[in-house]
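Asker: Got a structure for you, protein_3.csv, holding CSV, C-alpha atoms and all ligand atoms.
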```csv
chain,number,residue,atom,x,y,z
U,1,MET,CA,8.6,-11.1,15.3
U,2,SER,CA,5.0,-12.3,15.1
U,3,VAL,CA,3.0,-11.6,11.9
U,4,ALA,CA,-0.6,-11.1,11.0
U,5,VAL,CA,-2.2,-10.3,7.7
U,6,LEU,CA,-5.3,-8.1,7.9
U,7,GLY,CA,-7.6,-8.5,4.9
U,8,ALA,CA,-8.3,-11.8,3.2
U,9,GLY,CA,-8.7,-10.9,-0.4
U,10,ALA,CA,-6.5,-12.6,-3.0
U,11,PHE,CA,-3.3,-10.8,-2.1
U,12,GLY,CA,-3.7,-11.0,1.7
U,13,THR,CA,-4.4,-14.7,1.5
U,14,ALA,CA,-1.5,-15.3,-0.8
U,15,LEU,CA,0.9,-13.5,1.5
U,16,ALA,CA,-0.4,-15.3,4.6
U,17,ILE,CA,0.1,-18.7,2.8
U,18,SER,CA,3.6,-17.7,1.7
U,19,LEU,CA,4.8,-16.3,5.0
U,20,SER,CA,3.4,-19.2,7.0
U,21,ARG,CA,6.1,-21.3,5.4
U,22,ASN,CA,8.5,-19.4,7.7
U,23,GLY,CA,6.4,-19.8,10.9
U,24,PRO,CA,3.0,-19.1,12.4
U,25,VAL,CA,0.9,-16.4,10.7
U,26,THR,CA,-2.6,-15.1,11.5
U,27,LEU,CA,-5.0,-14.2,8.6
U,28,TRP,CA,-7.8,-11.8,9.7
U,29,ALA,CA,-10.9,-11.5,7.6
U,30,ARG,CA,-14.1,-9.5,8.3
U,31,ASP,CA,-16.0,-12.6,7.5
U,32,ALA,CA,-13.8,-15.6,8.0
U,33,GLY,CA,-16.8,-17.7,6.8
U,34,ASP,CA,-15.9,-21.2,6.0
U,35,MET,CA,-12.2,-20.4,5.4
U,36,ALA,CA,-11.1,-21.9,8.7
U,37,LYS,CA,-13.1,-25.1,8.1
U,38,GLN,CA,-12.2,-25.5,4.4
U,39,ARG,CA,-8.6,-24.4,4.9
U,40,GLU,CA,-8.9,-22.5,1.6
U,41,ASN,CA,-10.1,-19.1,0.4
U,42,THR,CA,-12.5,-20.4,-2.2
U,43,ALA,CA,-14.0,-17.0,-2.9
U,44,ARG,CA,-10.7,-15.1,-3.8
U,45,LEU,CA,-8.0,-17.7,-4.2
U,46,ALA,CA,-9.5,-21.1,-4.9
U,47,GLY,CA,-7.1,-24.0,-5.3
U,48,CYS,CA,-4.5,-22.7,-2.8
U,49,PRO,CA,-4.8,-24.7,0.4
U,50,PHE,CA,-3.7,-23.2,3.7
U,51,PRO,CA,-0.5,-24.6,5.4
U,52,ASP,CA,-0.9,-25.8,8.9
U,53,ALA,CA,0.9,-22.8,10.3
U,54,LEU,CA,-1.8,-20.4,9.0
U,55,PHE,CA,-4.5,-19.5,11.5
U,56,VAL,CA,-7.7,-17.8,10.3
U,57,THR,CA,-9.7,-15.6,12.5
U,58,ASP,CA,-12.3,-12.8,12.4
U,59,ASP,CA,-11.2,-11.6,15.9
U,60,LEU,CA,-9.3,-8.4,15.2
U,61,ALA,CA,-8.2,-8.0,18.8
U,62,TYR,CA,-6.5,-11.3,18.7
U,63,ALA,CA,-4.9,-10.7,15.2
U,64,THR,CA,-3.5,-7.4,16.3
U,65,THR,CA,-1.5,-9.0,19.2
U,66,ALA,CA,1.1,-9.7,16.5
U,67,ASP,CA,3.8,-7.0,16.3
U,68,THR,CA,3.9,-6.8,12.5
U,69,LEU,CA,0.7,-6.3,10.7
U,70,LEU,CA,0.4,-6.5,6.9
U,71,ILE,CA,-2.7,-4.6,5.7
U,72,ALA,CA,-4.1,-6.0,2.5
U,73,VAL,CA,-7.4,-4.0,1.9
U,74,PRO,CA,-7.9,-1.9,-1.3
U,75,THR,CA,-6.4,1.6,-1.2
U,76,GLN,CA,-9.7,3.4,-1.2
U,77,LYS,CA,-10.8,1.4,1.8
U,78,LEU,CA,-7.6,1.8,3.8
U,79,ARG,CA,-8.4,5.0,5.7
U,80,GLY,CA,-11.8,3.6,6.8
U,81,PHE,CA,-10.2,0.4,8.0
U,82,LEU,CA,-7.5,2.3,9.9
U,83,ASN,CA,-10.0,4.7,11.5
U,84,ALA,CA,-12.2,1.9,12.6
U,85,ASN,CA,-9.4,0.0,14.3
U,86,ALA,CA,-7.1,2.8,15.3
U,87,THR,CA,-6.7,1.8,19.0
U,88,ALA,CA,-5.7,-1.8,18.1
U,89,LEU,CA,-3.2,-0.6,15.5
U,90,ALA,CA,-1.4,2.1,17.5
U,91,GLY,CA,2.4,1.6,17.9
U,92,LYS,CA,2.6,-1.3,15.5
U,93,SER,CA,4.7,-1.9,12.4
U,94,LEU,CA,2.0,-1.5,9.7
U,95,VAL,CA,3.0,-2.8,6.2
U,96,ALA,CA,0.6,-1.6,3.5
U,97,CYS,CA,0.1,-4.3,0.9
U,98,CYS,CA,-2.0,-2.2,-1.5
U,99,LYS,CA,-1.3,-0.1,-4.6
U,100,GLY,CA,-3.0,3.1,-5.3
U,101,ILE,CA,-3.5,6.8,-4.6
U,102,GLU,CA,-6.4,7.9,-2.3
U,103,ILE,CA,-8.9,10.0,-4.3
U,104,SER,CA,-9.8,12.2,-1.3
U,105,THR,CA,-6.2,13.3,-0.5
U,106,GLY,CA,-4.0,12.4,-3.5
U,107,THR,CA,-1.7,10.5,-1.2
U,108,GLY,CA,-0.5,6.9,-1.1
U,109,PRO,CA,-1.0,4.1,1.5
U,110,VAL,CA,2.1,5.0,3.6
U,111,SER,CA,1.0,8.6,4.0
U,112,VAL,CA,-2.5,7.5,4.8
U,113,ILE,CA,-1.2,5.2,7.6
U,114,ALA,CA,1.0,8.0,9.0
U,115,ASP,CA,-1.9,10.4,8.9
U,116,VAL,CA,-4.4,8.1,10.7
U,117,ILE,CA,-2.1,6.2,13.1
U,118,PRO,CA,0.9,8.6,13.8
U,119,THR,CA,2.3,6.2,16.5
U,120,ALA,CA,2.7,3.4,14.0
U,121,VAL,CA,5.8,2.6,11.9
U,122,PRO,CA,4.4,2.6,8.3
U,123,ALA,CA,6.0,0.5,5.5
U,124,ILE,CA,4.9,-0.8,2.1
U,125,LEU,CA,5.4,-4.1,0.4
U,126,THR,CA,5.0,-3.7,-3.4
U,127,GLY,CA,6.3,-4.9,-6.7
U,128,PRO,CA,5.6,-7.4,-9.5
U,129,SER,CA,3.6,-10.4,-8.1
U,130,PHE,CA,0.3,-12.0,-8.8
U,131,ALA,CA,-1.4,-13.4,-5.7
U,132,ARG,CA,-1.6,-16.9,-7.2
U,133,ASP,CA,2.2,-17.0,-8.0
U,134,ILE,CA,3.0,-16.0,-4.4
U,135,ALA,CA,0.6,-18.6,-3.0
U,136,ARG,CA,2.1,-21.3,-5.2
U,137,GLY,CA,5.6,-20.4,-4.0
U,138,LEU,CA,6.8,-19.4,-7.4
U,139,PRO,CA,10.0,-17.2,-7.4
U,140,THR,CA,9.1,-13.6,-6.8
U,141,ALA,CA,11.0,-10.4,-5.9
U,142,LEU,CA,9.4,-7.4,-4.2
U,143,THR,CA,10.3,-4.0,-2.7
U,144,LEU,CA,9.9,-3.4,1.1
U,145,ALA,CA,10.0,0.3,1.8
U,146,CYS,CA,10.2,1.8,5.3
U,147,THR,CA,11.6,5.2,6.3
U,148,ASP,CA,13.1,3.6,9.4
U,149,ASP,CA,16.0,1.6,8.0
U,150,GLU,CA,16.5,-0.6,11.1
U,151,ILE,CA,12.9,-1.6,11.2
U,152,GLY,CA,13.0,-2.0,7.4
U,153,LYS,CA,15.9,-4.5,7.9
U,154,HIS,CA,13.8,-6.6,10.4
U,155,LEU,CA,10.8,-6.5,8.2
U,156,GLN,CA,12.9,-7.6,5.2
U,157,GLN,CA,14.3,-10.6,7.1
U,158,ARG,CA,10.9,-11.7,8.5
U,159,LEU,CA,8.9,-11.2,5.3
U,160,SER,CA,11.4,-12.9,2.9
U,161,THR,CA,11.0,-16.6,2.3
U,162,ALA,CA,13.0,-19.1,0.2
U,163,ASN,CA,11.0,-18.0,-2.9
U,164,LEU,CA,9.9,-14.5,-2.0
U,165,ARG,CA,13.0,-12.2,-2.1
U,166,LEU,CA,12.6,-8.7,-0.7
U,167,TYR,CA,14.8,-5.7,-1.6
U,168,ARG,CA,14.8,-2.8,0.8
U,169,THR,CA,14.6,1.0,0.4
U,170,THR,CA,13.8,3.9,2.7
U,171,ASP,CA,12.0,5.7,-0.3
U,172,THR,CA,8.4,4.9,0.6
U,173,SER,CA,7.2,7.7,-1.6
U,174,GLY,CA,8.9,6.2,-4.7
U,175,ALA,CA,7.7,2.7,-3.9
U,176,GLU,CA,4.1,3.7,-3.4
U,177,LEU,CA,4.1,5.8,-6.5
U,178,GLY,CA,5.5,3.0,-8.7
U,179,GLY,CA,2.9,0.5,-7.6
U,180,ALA,CA,0.0,3.0,-8.0
U,181,LEU,CA,0.9,4.5,-11.3
U,182,LYS,CA,1.8,1.3,-13.2
U,183,ASN,CA,-1.9,0.3,-12.8
U,184,VAL,CA,-3.1,3.3,-14.7
U,185,ILE,CA,-0.6,2.6,-17.5
U,186,ALA,CA,-1.7,-1.1,-17.5
U,187,ILE,CA,-5.3,0.1,-18.2
U,188,ALA,CA,-4.0,2.1,-21.1
U,189,CYS,CA,-2.0,-0.9,-22.5
U,190,GLY,CA,-5.0,-3.3,-22.1
U,191,THR,CA,-7.2,-0.8,-23.9
U,192,ALA,CA,-4.7,-0.6,-26.8
U,193,MET,CA,-4.4,-4.3,-27.1
U,194,GLY,CA,-8.2,-4.8,-26.8
U,195,ALA,CA,-8.8,-2.3,-29.5
U,196,GLY,CA,-6.3,-4.1,-31.8
U,197,LEU,CA,-3.8,-1.3,-31.9
U,198,GLY,CA,-0.9,-3.7,-31.7
U,199,GLU,CA,2.1,-4.6,-29.6
U,200,SER,CA,4.1,-1.6,-30.9
U,201,ALA,CA,1.5,0.7,-29.5
U,202,ARG,CA,1.6,-1.1,-26.2
U,203,ALA,CA,5.4,-0.7,-26.1
U,204,ALA,CA,5.0,3.0,-26.8
U,205,LEU,CA,2.4,3.4,-24.0
U,206,MET,CA,4.6,1.5,-21.5
U,207,THR,CA,7.6,3.7,-22.3
U,208,ARG,CA,5.9,7.0,-22.4
U,209,GLY,CA,3.8,5.8,-19.4
U,210,PHE,CA,7.0,5.2,-17.5
U,211,ALA,CA,8.1,8.8,-18.4
U,212,GLU,CA,4.9,10.0,-16.8
U,213,MET,CA,5.6,7.9,-13.7
U,214,GLN,CA,9.1,9.5,-13.5
U,215,ARG,CA,7.7,13.0,-14.0
U,216,LEU,CA,5.2,12.8,-11.2
U,217,ALA,CA,7.8,11.1,-8.9
U,218,ALA,CA,10.3,13.8,-9.6
U,219,HIS,CA,7.7,16.4,-8.8
U,220,LEU,CA,6.9,14.7,-5.5
U,221,ARG,CA,10.7,14.3,-4.7
U,222,ALA,CA,10.8,10.5,-4.9
U,223,ASP,CA,14.0,8.8,-5.9
U,224,PRO,CA,14.1,8.1,-9.6
U,225,GLN,CA,16.1,4.9,-8.8
U,226,THR,CA,13.1,3.5,-6.9
U,227,LEU,CA,10.9,4.0,-10.0
U,228,ALA,CA,13.5,2.1,-12.1
U,229,GLY,CA,13.3,-0.9,-9.6
U,230,LEU,CA,10.8,-3.6,-8.9
U,231,SER,CA,8.1,-1.4,-7.5
U,232,GLY,CA,8.1,0.8,-10.7
U,233,PHE,CA,9.6,-0.6,-13.9
U,234,GLY,CA,9.3,-4.2,-12.6
U,235,ASP,CA,5.6,-4.0,-11.8
U,236,LEU,CA,4.9,-1.9,-14.9
U,237,THR,CA,6.3,-4.7,-17.1
U,238,LEU,CA,4.3,-7.4,-15.4
U,239,THR,CA,1.0,-5.6,-15.3
U,240,CYS,CA,1.1,-4.2,-18.8
U,241,THR,CA,1.8,-7.6,-20.4
U,242,SER,CA,-0.4,-10.1,-18.6
U,243,GLN,CA,-4.0,-11.0,-18.8
U,244,GLN,CA,-3.8,-12.1,-15.2
U,245,SER,CA,-3.8,-8.4,-14.3
U,246,ARG,CA,-7.2,-7.0,-13.5
U,247,ASN,CA,-6.1,-3.5,-14.5
U,248,TYR,CA,-4.9,-4.8,-17.9
U,249,SER,CA,-8.1,-6.8,-18.3
U,250,LEU,CA,-10.3,-3.8,-17.6
U,251,GLY,CA,-8.5,-2.0,-20.3
U,252,MET,CA,-8.9,-5.0,-22.7
U,253,SER,CA,-12.7,-4.9,-22.1
U,254,MET,CA,-12.8,-1.1,-22.7
U,255,GLY,CA,-10.8,-1.6,-25.9
U,256,GLN,CA,-13.1,-4.4,-27.1
U,257,GLY,CA,-16.2,-2.7,-25.9
U,258,THR,CA,-17.2,-5.8,-23.8
U,259,PRO,CA,-18.6,-5.7,-20.2
U,260,PHE,CA,-16.4,-6.0,-17.1
U,261,ASP,CA,-17.5,-7.2,-13.7
U,262,PRO,CA,-17.8,-4.0,-11.6
U,263,SER,CA,-17.2,-5.9,-8.3
U,264,THR,CA,-13.5,-6.6,-9.4
U,265,THR,CA,-10.8,-4.7,-7.5
U,266,VAL,CA,-9.2,-2.5,-10.1
U,267,GLU,CA,-7.0,0.0,-8.2
U,268,GLY,CA,-5.9,1.9,-11.4
U,269,ALA,CA,-9.5,3.2,-12.0
U,270,ALA,CA,-9.6,5.3,-8.8
U,271,THR,CA,-5.9,6.1,-9.0
U,272,ALA,CA,-6.3,7.4,-12.6
U,273,GLN,CA,-8.9,9.9,-11.3
U,274,ALA,CA,-6.7,10.8,-8.3
U,275,VAL,CA,-3.5,11.3,-10.4
U,276,HIS,CA,-5.3,13.2,-13.1
U,277,GLN,CA,-6.5,15.6,-10.4
U,278,LEU,CA,-2.9,15.8,-9.0
U,279,ALA,CA,-1.6,16.6,-12.4
U,280,GLN,CA,-4.1,19.4,-12.9
U,281,ASP,CA,-3.5,20.9,-9.5
U,282,ASN,CA,0.3,20.9,-10.1
U,283,ALA,CA,0.3,21.8,-13.8
U,284,LEU,CA,2.0,18.5,-14.7
U,285,ASP,CA,1.7,17.0,-18.2
U,286,LEU,CA,0.5,13.4,-17.9
U,287,PRO,CA,-1.3,12.8,-21.2
U,288,ILE,CA,-1.7,9.0,-20.9
U,289,THR,CA,-3.1,9.3,-17.4
U,290,ALA,CA,-5.5,12.0,-18.7
U,291,ALA,CA,-6.6,9.7,-21.5
U,292,VAL,CA,-7.3,6.8,-19.1
U,293,ALA,CA,-9.2,9.1,-16.8
U,294,GLY,CA,-11.3,10.4,-19.8
U,295,LEU,CA,-12.0,6.8,-21.0
U,296,LEU,CA,-13.1,5.7,-17.5
U,297,GLU,CA,-15.4,8.7,-17.1
U,298,ASN,CA,-16.8,8.1,-20.6
U,299,ARG,CA,-15.6,11.6,-21.7
U,300,LEU,CA,-13.5,10.0,-24.5
U,301,ASP,CA,-13.7,7.0,-26.7
U,302,VAL,CA,-10.7,4.8,-27.6
U,303,ALA,CA,-10.2,6.2,-31.1
U,304,THR,CA,-10.3,9.8,-29.9
U,305,ALA,CA,-8.0,9.1,-27.0
U,306,MET,CA,-5.4,7.5,-29.3
U,307,ARG,CA,-5.7,10.3,-31.9
U,308,GLY,CA,-5.2,12.9,-29.1
U,309,LEU,CA,-2.0,11.2,-27.9
U,310,LEU,CA,-0.6,10.9,-31.4
U,311,ALA,CA,-1.4,14.5,-32.4
U,312,ARG,CA,0.4,16.1,-29.5
U,313,PRO,CA,3.2,18.5,-30.5
U,314,LEU,CA,6.4,16.7,-31.4
U,315,LYS,CA,9.1,16.9,-28.8
U,316,GLU,CA,12.5,15.6,-27.6
U,317,GLU,CA,12.6,12.3,-25.9
Q,401,LIG,N1,-4.3,-9.8,-6.4
Q,401,LIG,C1,-3.0,-9.6,-6.7
Q,401,LIG,O1,-2.5,-10.4,-7.5
Q,401,LIG,C2,-2.3,-8.5,-6.1
Q,401,LIG,C3,-3.0,-7.5,-5.4
Q,401,LIG,N2,-2.2,-6.4,-4.8
Q,401,LIG,C4,-2.9,-5.4,-4.1
Q,401,LIG,O2,-3.6,-5.9,-3.0
Q,401,LIG,C5,-4.6,-5.0,-2.7
Q,401,LIG,C6,-5.8,-5.9,-2.4
Q,401,LIG,O3,-6.1,-6.5,-3.6
Q,401,LIG,P1,-6.7,-8.0,-3.6
Q,401,LIG,O4,-6.5,-8.7,-2.4
Q,401,LIG,O5,-6.3,-8.6,-4.9
Q,401,LIG,O6,-8.3,-7.6,-3.8
Q,401,LIG,P2,-9.5,-8.6,-3.5
Q,401,LIG,O7,-10.6,-7.9,-4.3
Q,401,LIG,O8,-9.2,-10.0,-3.8
Q,401,LIG,O9,-9.8,-8.5,-1.9
Q,401,LIG,C7,-10.0,-7.3,-1.3
Q,401,LIG,C8,-10.4,-7.7,0.1
Q,401,LIG,O10,-10.4,-6.5,1.0
Q,401,LIG,C9,-11.5,-6.7,1.9
Q,401,LIG,N3,-11.9,-5.4,2.4
Q,401,LIG,C10,-12.4,-4.4,1.7
Q,401,LIG,N4,-12.7,-3.4,2.6
Q,401,LIG,C11,-12.4,-3.8,3.8
Q,401,LIG,C12,-12.4,-3.3,5.1
Q,401,LIG,N5,-12.9,-2.0,5.3
Q,401,LIG,N6,-12.1,-4.0,6.2
Q,401,LIG,C13,-11.6,-5.3,6.0
Q,401,LIG,N7,-11.5,-5.9,4.8
Q,401,LIG,C14,-11.9,-5.1,3.7
Q,401,LIG,C15,-12.5,-7.4,1.1
Q,401,LIG,O11,-13.5,-8.1,1.9
Q,401,LIG,C16,-11.7,-8.4,0.3
Q,401,LIG,O12,-11.5,-9.6,0.9
Q,401,LIG,C17,-4.8,-4.1,-3.8
Q,401,LIG,O13,-4.3,-2.8,-3.5
Q,401,LIG,C18,-4.0,-4.7,-5.0
Q,401,LIG,O14,-3.5,-3.8,-5.9
Q,401,LIG,C19,-0.9,-6.4,-4.9
Q,401,LIG,C20,-0.2,-7.4,-5.6
Q,401,LIG,C21,-0.9,-8.5,-6.2
Q,402,LIG,O1,-0.3,-5.7,-8.7
Q,402,LIG,C1,-0.4,-6.7,-9.4
Q,402,LIG,C2,0.8,-7.3,-10.0
Q,402,LIG,O2,2.0,-6.9,-9.4
Q,402,LIG,C3,-1.7,-7.3,-9.6
Q,402,LIG,O3,-2.3,-6.6,-10.7
Q,402,LIG,P1,-3.8,-6.4,-10.8
Q,402,LIG,O4,-4.3,-5.7,-9.6
Q,402,LIG,O5,-4.0,-5.6,-12.1
Q,402,LIG,O6,-4.5,-7.7,-10.9
```
Represent the supplied structure as structure tokens.
Ligand SMILES: NC(=O)C1=CN([C@@H]2O[C@H](COP(=O)(O)OP(=O)(O)OC[C@H]3O[C@@H](n4cnc5c(N)ncnc54)[C@H](O)[C@@H]3O)[C@@H](O)[C@H]2O)C=CC1
Ligand SMILES: O=C(CO)COP(=O)(O)O

Answerer:
Amino acid sequence: MSVAVLGAGAFGTALAISLSRNGPVTLWARDAGDMAKQRENTARLAGCPFPDALFVTDDLAYATTADTLLIAVPTQKLRGFLNANATALAGKSLVACCKGIEISTGTGPVSVIADVIPTAVPAILTGPSFARDIARGLPTALTLACTDDEIGKHLQQRLSTANLRLYRTTDTSGAELGGALKNVIAIACGTAMGAGLGESARAALMTRGFAEMQRLAAHLRADPQTLAGLSGFGDLTLTCTSQQSRNYSLGMSMGQGTPFDPSTTVEGAATAQAVHQLAQDNALDLPITAAVAGLLENRLDVATAMRGLLARPLKEE
């Protein structure tokens, strides 16, 4: 099984570095720039040199001769990327390596792939992992979700390494929801910590945020077990507790009232908007998501958002 990673941001580069410890891997970038010469992605993942088995190219036709393609572009860019390259991607195993819900459709990456490239076998690789940890070969466990279990088994074998352990599921819906929704809750947690509301408040937001994740997943008929696994609870834990997370860091800036670089990829911002819309359309009660959407759209300030959450009617857990 030959592998190429399409998209050379931090995560795509880290995956390509990690997988090339198993055998040859192609990393495709729109603008390969000096990466091939420098043998390093200095813009997105500085300090992580490329192994010899990693080949960098900006030739998509060449990269897509691999039979397994990992797509690591941000969720809101995925449809455009697929549409632009539909012919080359037809009939392939396409593994989404992004976390989010598309604003225009309210669906996740697996559904977007199935919609644009119906002949492809879509899958998703998701779970708790920072790009830098993966690139350094630190121990990591992720979820590989593919509705076709036989193909899922092949992908699990090929994409696991000595330090990157993949667990398998056929519940693509649960896996993509966990990865998308935890980012929204991480923004909420970062905001609380940035505003000095304390670690007890963060624990409350994580727990009640997880309840929101489960509520939406149940509504969309995802398996609750998936949400309790690496792609849900696991990634929620990592992202809500680490300043390495861009979602958490955006929240910290909002809580502190400090500026944040708008060019940073923060998937939870668009996903908060998409999920808030989904909740409204389906009469679902997702108050933390609503608060994050309100903060991001400047409809709410932090104090008002927190007061609103605390003043909700008391209920059973
Ligand atoms: N950075 C991390 O630690 C992790 C990131 N992820 C996920 O990986 C996805 C990508 O994030 P990062 O790599 O961190 O972002 P990044 O901001 O480092 O890179 C995004 C890359 O996508 C490329 N890109 C954007 N639109 C494109 C298009 N139409 N065609 C080709 N390339 C395009 C950009 O040029 C850039 O290289 C996100 O969904 C993120 O949630 C998942 C786990 C860990
Ligand atoms: O998804 C991630 C960790 O699992 C990376 O988080 P950020 O996108 O918030 O940096």

Asker: When the cut-off is 6 Å and you count all atoms listed in the file, which residues lie near ligand LIG 402 (chain Q), shown as a PyMOL selection string?

Answerer: chain U and resi 127-130+235+239+245-248+266

Asker: Which residues, protein or nucleic acid, reach to within 12 Å of (2.0, 15.8, -16.9) in the file's coordinates when using all atoms listed in the file, and can you give that as a VMD selection string?

Answerer: chain U and resid 208 to 219 275 to 291

Asker: Give me, as a list in words, all polymer residues having an atom no more than 10 Å from Gly232 of chain U, counting only C-alpha atoms and skipping those fewer than 3 positions away in the same chain.

Answerer: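 Answer for this query is Thr126, Gly127, Pro128, Thr143, Gly174, Ala175, Glu176, Leu177, Gly178, Gly179, Ala180, Leu181, Lys182, Phe210, Met213, Gln214, Pro224, Gln225, Thr226, Leu227, Ala228, Gly229, Asp235, Leu236 and Thr237 of chain U.
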
Asker: Leaving out segment 187-204 of chain U and any residue of its chain fewer than 5 positions from it, which residues lie within 7 Å of it when counting all atoms listed in the file, given as an NGL selection string?

Answerer: :U and (240 or 247-256 or 292)

Asker: My list of candidates is U:Ala120, U:Met1, U:Ala186, U:Ala88. Which is closest to Asp59 of chain U when distances are computed with all atoms listed in the file?

Answerer: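 Distance minimum relative to Asp59 of chain U lands on U:Ala88.
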
Asker: Taking only C-alpha atoms and all ligand atoms into account, name the residue in U:Ile134, U:Cys48, U:Ile113, U:Val73 that is nearest to ligand LIG 401 (chain Q).

Answerer: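 Of U:Ile134, U:Cys48, U:Ile113, U:Val73, the one nearest ligand LIG 401 (chain Q) is U:Val73, counting only C-alpha atoms and all ligand atoms.
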
Asker: Calculate how many Å separate atom CA of Ser173 of chain U from atom CA of Ile185 of chain U, rounding to one decimal.

Answerer: 18.4 Å

Asker: Looking at all atoms listed in the file, which of U:Glu267, U:Asp115, U:Asp67, U:Asp171 is the one that sits closest to ligand LIG 401 (chain Q)?

Answerer: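 Closest to ligand LIG 401 (chain Q), using all atoms listed in the file: U:Glu267.
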
Asker: From the options U:Gln157, U:Asn85, U:Asn163, U:Gln38, which residue's atoms come nearest to Arg136 of chain U, counting all atoms listed in the file?

Answerer: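 When distances to Arg136 of chain U are compared using all atoms listed in the file, the smallest one comes from U:Asn163.
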
Asker: Nearest residue to ligand LIG 401 (chain Q) out of U:Gln156, U:Ser263, U:Ser93, U:Thr161, using all atoms listed in the file?

Answerer: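 Using all atoms listed in the file, ligand LIG 401 (chain Q) sits closest to U:Ser263.
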
Asker: Using only C-alpha atoms, which of the listed residues (U:Leu78, U:Ala46, U:Leu19, U:Met206) sits closest to Ser104 of chain U?

Answerer: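 The answer is U:Leu78, which sits nearest to Ser104 of chain U.
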
Asker: Quick check, in Å to one decimal: how far apart do atom CA of Asn183 of chain U and atom CA of Leu82 of chain U lie?

Answerer: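 Straight-line distance from atom CA of Asn183 of chain U to atom CA of Leu82 of chain U works out to 23.5 Å.
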
Asker: Could you state the separation of atom CA of Asp52 of chain U and atom CA of Thr140 of chain U in Å, given to one decimal place?

Answerer: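 These atoms are spaced 22.3 Å apart.
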
Asker: Find the residues near Leu15 of chain U: any atom within 8 Å, counting only C-alpha atoms, skip ones fewer than 6 places away on the same chain, and give them as a list of chain:residue names.

Answerer: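 Contacts, with the query itself left out: U:Val5, U:Ala131, U:Ile134, U:Ala135.
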
Asker: Please fill the gaps in segment 125-138 of chain U so it has N, CA and C atoms, and write that as an mmCIF file, in the coordinates of the input.

Answerer:
```
data_model
loop_
_atom_site.group_PDB
_atom_site.id
_atom_site.type_symbol
_atom_site.label_atom_id
_atom_site.label_comp_id
_atom_site.auth_asym_id
_atom_site.auth_seq_id
_atom_site.Cartn_x
_atom_site.Cartn_y
_atom_site.Cartn_z
ATOM 1 N N LEU U 125 4.839 -2.936 1.084
ATOM 2 C CA LEU U 125 5.400 -4.100 0.400
ATOM 3 C C LEU U 125 4.703 -4.085 -1.010
ATOM 4 N N THR U 126 5.521 -3.960 -2.051
ATOM 5 C CA THR U 126 5.000 -3.700 -3.400
ATOM 6 C C THR U 126 5.921 -4.258 -4.438
ATOM 7 N N GLY U 127 5.442 -4.421 -5.652
ATOM 8 C CA GLY U 127 6.300 -4.900 -6.700
ATOM 9 C C GLY U 127 5.570 -5.966 -7.546
ATOM 10 N N PRO U 128 6.257 -6.528 -8.541
ATOM 11 C CA PRO U 128 5.600 -7.400 -9.500
ATOM 12 C C PRO U 128 5.265 -8.783 -8.888
ATOM 13 N N SER U 129 3.994 -9.081 -8.718
ATOM 14 C CA SER U 129 3.600 -10.400 -8.100
ATOM 15 C C SER U 129 2.121 -10.575 -8.279
ATOM 16 N N PHE U 130 1.742 -11.676 -8.842
ATOM 17 C CA PHE U 130 0.300 -12.000 -8.800
ATOM 18 C C PHE U 130 0.095 -12.935 -7.605
ATOM 19 N N ALA U 131 -1.046 -12.719 -6.958
ATOM 20 C CA ALA U 131 -1.400 -13.400 -5.700
ATOM 21 C C ALA U 131 -1.166 -14.952 -5.904
ATOM 22 N N ARG U 132 -1.639 -15.458 -7.013
ATOM 23 C CA ARG U 132 -1.600 -16.900 -7.200
ATOM 24 C C ARG U 132 -0.130 -17.406 -7.322
ATOM 25 N N ASP U 133 0.730 -16.606 -7.921
ATOM 26 C CA ASP U 133 2.200 -17.000 -8.000
ATOM 27 C C ASP U 133 2.780 -17.058 -6.627
ATOM 28 N N ILE U 134 2.457 -16.058 -5.811
ATOM 29 C CA ILE U 134 3.000 -16.000 -4.400
ATOM 30 C C ILE U 134 2.501 -17.219 -3.639
ATOM 31 N N ALA U 135 1.205 -17.475 -3.747
ATOM 32 C CA ALA U 135 0.600 -18.600 -3.000
ATOM 33 C C ALA U 135 1.215 -19.923 -3.409
ATOM 34 N N ARG U 136 1.507 -20.064 -4.691
ATOM 35 C CA ARG U 136 2.100 -21.300 -5.200
ATOM 36 C C ARG U 136 3.566 -21.454 -4.861
ATOM 37 N N GLY U 137 4.150 -20.381 -4.324
ATOM 38 C CA GLY U 137 5.600 -20.400 -4.000
ATOM 39 C C GLY U 137 6.476 -20.294 -5.187
ATOM 40 N N LEU U 138 5.969 -19.651 -6.239
ATOM 41 C CA LEU U 138 6.800 -19.400 -7.400
ATOM 42 C C LEU U 138 7.811 -18.286 -7.077
#
```
